[in-house]
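Peer 1: Okay, here's the structure, questions in a sec.
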Amino acid sequence: MPTDKKHSLRGESLENAIKEDIENGLIPFYAVVTLGTTNSCAFDNLSECGVVGNKYNVWIHVDAAYAGSAFICPEYRHLMKGIETADSFNFNPHKWMLVNFDCSAMWLKDPSWLVNAFNVDPLYLKHDMQGSAPDYRHWQIPLGRRFRALKIWFVLRLYGVENIQTHIRRHCAFAKYFAKLCQEDTRFEIVGEVNMGLVCFRLKGSNERNEELLKRINGRGNVHMVPSKIDDVYFIRMAVCSRFTKTEDMDYTWKEVVAAACEILDN
Ligand SMILES: *Cc1c(COP(=O)(O)O)cnc(C)c1O
């Protein structure tokens with residue numbers, strides 16, 4: 001599992017893992033390359049891993065659940081370099097593309113793998129338009145599915161590409177701004193890189209101190225944050241989520257963090 005840049009999955013590690021499996025008599029068949037991890041929004045090296053996957057006939061799935069929405073902006077597309085090597089790609093428009101929950105978009109290079117596995121063709125489901133458009137009931141285990149594509153259509157029509165790009169860029173800029181506030185305070189440190197709308201930070205010092213800090217930040221009831229841990233280092237994650245977020249909210253959030261930290265540091 002990738003955790004931050006230094007732990008991001010590289011082609012060489014994937015190749016070693018595959019070889020080890022084969023030596024142990026196992027048949028590796030599937031690898032997940034994560035673009036924007038949940039822990040710290042780290043990016044695996046898709047262009048390296050994809051080539052390795054293709055070479056060993058290992059299915060490459062790209063998990064871009066959160067960060068995938070950012071690829072609507074050309075300046076972030078370098079992070080999906082090597083996408084042509086992927087067998088499947090998923091991102092969740094409900095996370096960062098303003099579509100209401102739930103909506104996960106999945107792309108497959110060759111849907112016939114799924115269609116052949118899940119095909120359901122009883123007489124009572126036959127229709128005249130068969131073959132002229134995909135029947136998504138063949139792409140999944142359940143028969144019935146909601147018409148989620150309609151929500152995406154409405155969001156695209158309502159906002160347009162440019163406004164969605166603006167939304168993504170604003171969130172990334174808010175994260176950078178929050179990180180700057182954090183960096184200016186020597187009691188704190190940033191953990192890893194600031195990618196997309198996520199800032200991972202902590203008070204310098206022990207994990208316990210940061211667990212206490214998070215308890216107090218959330219306990220004040222004004223902002224909410226979620227922690228994570230990489231290499232046994234506990235940190236706090238500030239994620240920008242709302243389309244209504246303004247710069248002032250970042251100032252406010254940072255003040256909340258500082259107030260909570262002062263409660264601890266004064267004790
Ligand atoms: C949110 C998230 C998930 C979970 O996605 P589901 O579609 O709810 O299963 C998986 N991977 C990453 C990187 C995520 O950010």
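Letters A, B, ... go to the chains of the structure tokens in the order shown; residues in each chain start at 1; ligands are counted from 1 in the same order.
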Where in stretch 91-238 of chain A does DSSP assign alpha helix (DSSP H), given as a PyMOL selection string?
Peer 2: chain A and resi 93-96+112-118+149-183+207-219
Peer 1: Do you know which residues are within 9 Å of ligand 1 using only C-alpha atoms and all ligand atoms? Can you write them as an NGL selection string?
Peer 2: :A and (34-39 or 41 or 63-67 or 90-92 or 95 or 102-105)
Peer 1: Using DSSP on the backbone, list every residue of stretch 21-265 of chain A that comes out as strand (DSSP E or B), and give them as number ranges by chain.
Peer 2: A: 30-35, 43, 59-63, 88-91, 105-108, 130, 133, 188-190, 198-203, 226-230, 233-239
Peer 1: Give me, as a PDB file with N, CA, C and O atoms, in the first residue's frame, all polymer residues having an atom no more than 9 Å from A:Glu15, counting only C-alpha atoms and skipping those fewer than 3 positions away in the same chain.
Peer 2:
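Written file, around.pdb:
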ATOM      1  N   ARG A  10       6.460   1.931  -6.979  1.00  0.00           N
ATOM      2  CA  ARG A  10       7.278   2.094  -8.178  1.00  0.00           C
ATOM      3  C   ARG A  10       7.254   0.784  -8.951  1.00  0.00           C
ATOM      4  O   ARG A  10       6.979  -0.280  -8.384  1.00  0.00           O
ATOM      5  N   GLY A  11       7.597   0.864 -10.239  1.00  0.00           N
ATOM      6  CA  GLY A  11       7.581  -0.319 -11.088  1.00  0.00           C
ATOM      7  C   GLY A  11       8.439  -1.440 -10.529  1.00  0.00           C
ATOM      8  O   GLY A  11       8.044  -2.612 -10.534  1.00  0.00           O
ATOM      9  N   GLU A  12       9.607  -1.077 -10.031  1.00  0.00           N
ATOM     10  CA  GLU A  12      10.550  -2.090  -9.544  1.00  0.00           C
ATOM     11  C   GLU A  12       9.960  -2.893  -8.379  1.00  0.00           C
ATOM     12  O   GLU A  12      10.074  -4.125  -8.346  1.00  0.00           O
ATOM     13  N   ILE A  18       5.669  -9.349  -7.853  1.00  0.00           N
ATOM     14  CA  ILE A  18       5.114 -10.312  -8.817  1.00  0.00           C
ATOM     15  C   ILE A  18       6.040 -11.532  -8.925  1.00  0.00           C
ATOM     16  O   ILE A  18       5.602 -12.690  -8.868  1.00  0.00           O
ATOM     17  N   LYS A  19       7.358 -11.261  -9.051  1.00  0.00           N
ATOM     18  CA  LYS A  19       8.330 -12.362  -9.173  1.00  0.00           C
ATOM     19  C   LYS A  19       8.304 -13.252  -7.935  1.00  0.00           C
ATOM     20  O   LYS A  19       8.385 -14.471  -8.036  1.00  0.00           O
ATOM     21  N   GLU A  20       8.197 -12.618  -6.773  1.00  0.00           N
ATOM     22  CA  GLU A  20       8.169 -13.374  -5.515  1.00  0.00           C
ATOM     23  C   GLU A  20       6.955 -14.291  -5.485  1.00  0.00           C
ATOM     24  O   GLU A  20       7.057 -15.460  -5.100  1.00  0.00           O
ATOM     25  N   CYS A  49       4.405   1.182 -13.182  1.00  0.00           N
ATOM     26  CA  CYS A  49       3.672  -0.013 -12.729  1.00  0.00           C
ATOM     27  C   CYS A  49       2.845  -0.623 -13.854  1.00  0.00           C
ATOM     28  O   CYS A  49       2.721  -1.847 -13.955  1.00  0.00           O
ATOM     29  N   VAL A  52       4.902  -2.883 -16.075  1.00  0.00           N
ATOM     30  CA  VAL A  52       5.184  -4.149 -15.391  1.00  0.00           C
ATOM     31  C   VAL A  52       3.948  -5.042 -15.409  1.00  0.00           C
ATOM     32  O   VAL A  52       4.025  -6.231 -15.724  1.00  0.00           O
ATOM     33  N   GLY A  53       2.797  -4.466 -15.096  1.00  0.00           N
ATOM     34  CA  GLY A  53       1.553  -5.241 -15.093  1.00  0.00           C
ATOM     35  C   GLY A  53       1.291  -5.860 -16.460  1.00  0.00           C
ATOM     36  O   GLY A  53       0.980  -7.051 -16.573  1.00  0.00           O
ATOM     37  N   TYR A  56       3.560  -8.882 -17.281  1.00  0.00           N
ATOM     38  CA  TYR A  56       3.264 -10.154 -16.589  1.00  0.00           C
ATOM     39  C   TYR A  56       1.798 -10.560 -16.711  1.00  0.00           C
ATOM     40  O   TYR A  56       1.331 -11.447 -16.014  1.00  0.00           O
TER      41      TYR A  56
END
Peer 1: Do you know which residues are at most 10 Å from stretch 184-193 of chain A counting only C-alpha atoms, after dropping those on the same chain fewer than 5 positions away, and could you put them as a list in words?
Peer 2: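 Residues meeting the cut-off are Thr3, Asp4, Lys5, Lys6, Ser40, Cys41, Ala42, Ala179, Leu198, Val199, Cys200, Phe201, Arg202, Leu203, Lys204, Gly205, Ile230, Val233, Tyr234, Phe235, Ile236, Arg237, Val258, Ala261 and Leu265 of chain A.
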Peer 1: Figure out the distance between atom CA of A:Trp113 and atom CA of A:Ser47, please, to one decimal in Å.
Peer 2: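 The value is 23.4 Å.
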Peer 1: Per residue of stretch 28-134 of chain A within 10 Å of stretch 156-163 of chain A, note the shortest atom pair and the distance in Å to one decimal, counting only C-alpha atoms, and order the rows by chain and increasing residue number, as JSON lines.
Peer 2:
{"residue": "A:Ile72", "atom": "CA", "partner": "A:Val161", "partner_atom": "CA", "distance": 7.6}
{"residue": "A:Cys73", "atom": "CA", "partner": "A:Glu162", "partner_atom": "CA", "distance": 8.9}
{"residue": "A:Met97", "atom": "CA", "partner": "A:Leu156", "partner_atom": "CA", "distance": 9.4}
{"residue": "A:Leu98", "atom": "CA", "partner": "A:Tyr159", "partner_atom": "CA", "distance": 9.3}
{"residue": "A:Val99", "atom": "CA", "partner": "A:Leu156", "partner_atom": "CA", "distance": 9.3}
Peer 1: Write the selection just made, keeping all heavy atoms, as a tab-separated table (two decimals), in the first residue's frame?
Peer 2:
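Writing the result to again_3.tsv gives the following:
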chain	number	residue	atom	x	y	z
A	72	ILE	N	-9.87	16.55	-14.68
A	72	ILE	CA	-10.62	17.45	-15.56
A	72	ILE	C	-9.78	18.70	-15.86
A	72	ILE	O	-10.04	19.40	-16.82
A	72	ILE	CB	-11.99	17.81	-14.91
A	72	ILE	CG1	-12.94	18.39	-15.97
A	72	ILE	CG2	-11.82	18.78	-13.75
A	72	ILE	CD1	-14.39	18.47	-15.52
A	73	CYS	N	-8.75	18.94	-15.04
A	73	CYS	CA	-7.82	20.05	-15.25
A	73	CYS	C	-6.56	19.54	-15.94
A	73	CYS	O	-5.90	18.65	-15.42
A	73	CYS	CB	-7.41	20.69	-13.93
A	73	CYS	SG	-8.77	21.31	-12.95
A	97	MET	N	-16.49	15.93	-7.53
A	97	MET	CA	-16.95	16.52	-8.78
A	97	MET	C	-18.40	16.99	-8.66
A	97	MET	O	-19.11	17.08	-9.66
A	97	MET	CB	-16.77	15.54	-9.94
A	97	MET	CG	-16.35	16.24	-11.24
A	97	MET	SD	-16.32	15.13	-12.65
A	97	MET	CE	-18.06	15.01	-13.03
A	98	LEU	N	-18.80	17.27	-7.41
A	98	LEU	CA	-20.07	17.95	-7.16
A	98	LEU	C	-21.31	17.12	-7.47
A	98	LEU	O	-22.41	17.65	-7.55
A	98	LEU	CB	-20.12	19.29	-7.94
A	98	LEU	CG	-18.99	20.27	-7.60
A	98	LEU	CD1	-18.84	21.31	-8.69
A	98	LEU	CD2	-19.24	20.93	-6.26
A	99	VAL	N	-21.14	15.83	-7.67
A	99	VAL	CA	-22.28	14.95	-7.91
A	99	VAL	C	-22.72	14.37	-6.56
A	99	VAL	O	-21.87	13.97	-5.75
A	99	VAL	CB	-21.90	13.81	-8.89
A	99	VAL	CG1	-23.07	12.86	-9.10
A	99	VAL	CG2	-21.43	14.39	-10.22
Peer 1: List the neighbours of A:Phe118 out to 12 Å using only C-alpha atoms; skip same-chain residues closer than 4 positions along the sequence, and give me the result as a list in words.
Peer 2: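 The residues satisfying every condition are Pro111, Ser112, Trp113, Leu114, Asp135, Tyr136, Arg137, His138, Trp139, Gln140, Ile141, Pro142 and Leu143 of chain A.
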Peer 1: With N, CA and C atoms retained, export the selected residues as an mmCIF file, in the first residue's frame.
Peer 2:
data_model
loop_
_atom_site.group_PDB
_atom_site.id
_atom_site.type_symbol
_atom_site.label_atom_id
_atom_site.label_comp_id
_atom_site.auth_asym_id
_atom_site.auth_seq_id
_atom_site.Cartn_x
_atom_site.Cartn_y
_atom_site.Cartn_z
ATOM 1 N N PRO A 111 -14.577 -4.493 -21.756
ATOM 2 C CA PRO A 111 -15.707 -4.908 -20.919
ATOM 3 C C PRO A 111 -16.108 -6.364 -21.127
ATOM 4 N N SER A 112 -15.636 -6.998 -22.177
ATOM 5 C CA SER A 112 -16.099 -8.370 -22.447
ATOM 6 C C SER A 112 -15.726 -9.316 -21.294
ATOM 7 N N TRP A 113 -14.650 -8.994 -20.551
ATOM 8 C CA TRP A 113 -14.307 -9.819 -19.392
ATOM 9 C C TRP A 113 -15.454 -9.850 -18.388
ATOM 10 N N LEU A 114 -16.055 -8.685 -18.186
ATOM 11 C CA LEU A 114 -17.169 -8.609 -17.230
ATOM 12 C C LEU A 114 -18.442 -9.180 -17.841
ATOM 13 N N ASP A 135 -25.631 -2.919 -22.261
ATOM 14 C CA ASP A 135 -26.611 -3.253 -21.214
ATOM 15 C C ASP A 135 -25.816 -3.459 -19.937
ATOM 16 N N TYR A 136 -25.863 -2.473 -19.045
ATOM 17 C CA TYR A 136 -24.960 -2.516 -17.891
ATOM 18 C C TYR A 136 -25.317 -3.617 -16.890
ATOM 19 N N ARG A 137 -26.468 -4.229 -17.056
ATOM 20 C CA ARG A 137 -26.779 -5.364 -16.172
ATOM 21 C C ARG A 137 -25.759 -6.483 -16.365
ATOM 22 N N HIS A 138 -25.102 -6.521 -17.531
ATOM 23 C CA HIS A 138 -24.087 -7.558 -17.777
ATOM 24 C C HIS A 138 -22.735 -7.218 -17.158
ATOM 25 N N TRP A 139 -22.616 -6.020 -16.610
ATOM 26 C CA TRP A 139 -21.313 -5.545 -16.135
ATOM 27 C C TRP A 139 -21.152 -5.717 -14.629
ATOM 28 N N GLN A 140 -22.137 -6.322 -13.976
ATOM 29 C CA GLN A 140 -22.151 -6.328 -12.520
ATOM 30 C C GLN A 140 -22.900 -7.554 -12.019
ATOM 31 N N ILE A 141 -22.836 -7.800 -10.712
ATOM 32 C CA ILE A 141 -23.524 -8.951 -10.138
ATOM 33 C C ILE A 141 -25.038 -8.718 -10.052
ATOM 34 N N PRO A 142 -25.486 -7.588 -9.476
ATOM 35 C CA PRO A 142 -26.944 -7.385 -9.427
ATOM 36 C C PRO A 142 -27.512 -7.128 -10.821
ATOM 37 N N LEU A 143 -28.771 -7.346 -10.971
ATOM 38 C CA LEU A 143 -29.432 -7.072 -12.250
ATOM 39 C C LEU A 143 -29.787 -5.580 -12.351
#
Peer 1: Hey, which of A:Val155, A:Met129, A:Ala239, A:Ala86 ends up closest to A:Val194? Count only C-alpha atoms.
Peer 2: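 Of A:Val155, A:Met129, A:Ala239, A:Ala86, the one nearest A:Val194 is A:Ala239, counting only C-alpha atoms.
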